[in-house]
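Asks: Quick one: this structure, given as structure tokens, is what I'll be asking you about.
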Amino acid sequence: MPIFQKKFAPKVAPPRTQRLNIGCPPPAEDLDDFRTITLNLVDKQLCFIDGVWLNGLKPVPGGTATSGTGVNQTDDLLRMKRRMKTLEQENNMLQVKLDVLVDLLTENVIELNEIKNH
């Protein structure tokens, strides 16, 4: 009898060929209705868009938000500041990539000049 023989080998389960919930119909609700949350208070309407609660913005089915009458401009300013911050981060990353490429190009030009001179 070998020392390293398997003492326990479970049987492989047969693959499932049928759905488990055959009697249940698939969900017919549109899940896009649940992606935007609106909260109506006595004198304000708040809307949860892109992870931020915004005042007085009403979601449009196209995915953007339209501002109603008398809406604070601070929400638009907040969204613009967030967009500006992401664009600045993207710009910084592209600048770093450009610097690395310029450094690589400079090194290759120096090596080519050394090879030509020798």
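Each chain of the structure tokens is named A, B, ... in the order shown, its residues numbered from 1; ligands are numbered from 1 in display order.
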Identify, on the basis of only C-alpha atoms, every residue whose closest approach to Asn55 of chain A does not exceed 7 Å; exclude the query and any residue fewer than 3 positions from it along the same chain; express the result as a list in words.

Replies: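 With the cut-off at 7 Å, the set is Gln45, Leu46, Cys47, Val71 and Asp75 of chain A.
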
Asks: As an exercise, work out the distance from atom CA of Val109 of chain A to atom CA of Gln95 of chain A in Å and give it to one decimal place.

Replies: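 Rounded to one decimal, the two atoms are 20.9 Å apart.
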
Asks: For Phe48 of chain A, list every protein, DNA or RNA residue within 8 Å, evaluated using only C-alpha atoms, and leave out those in the same chain fewer than 5 positions away; present the list as a PyMOL selection string.

Replies: chain A and resi 36-38+53-54

Asks: So what do you get for atom CA of Ile49 of chain A versus atom CA of Arg35 of chain A, distance-wise?

Replies: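 Calculated distance between atom CA of Ile49 of chain A and atom CA of Arg35 of chain A is 8.7 Å.
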
Asks: Expressed in Å to a single decimal, how great is the separation between atom CA of Leu78 of chain A and atom CA of Val96 of chain A?

Replies: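 The value is 27.3 Å.
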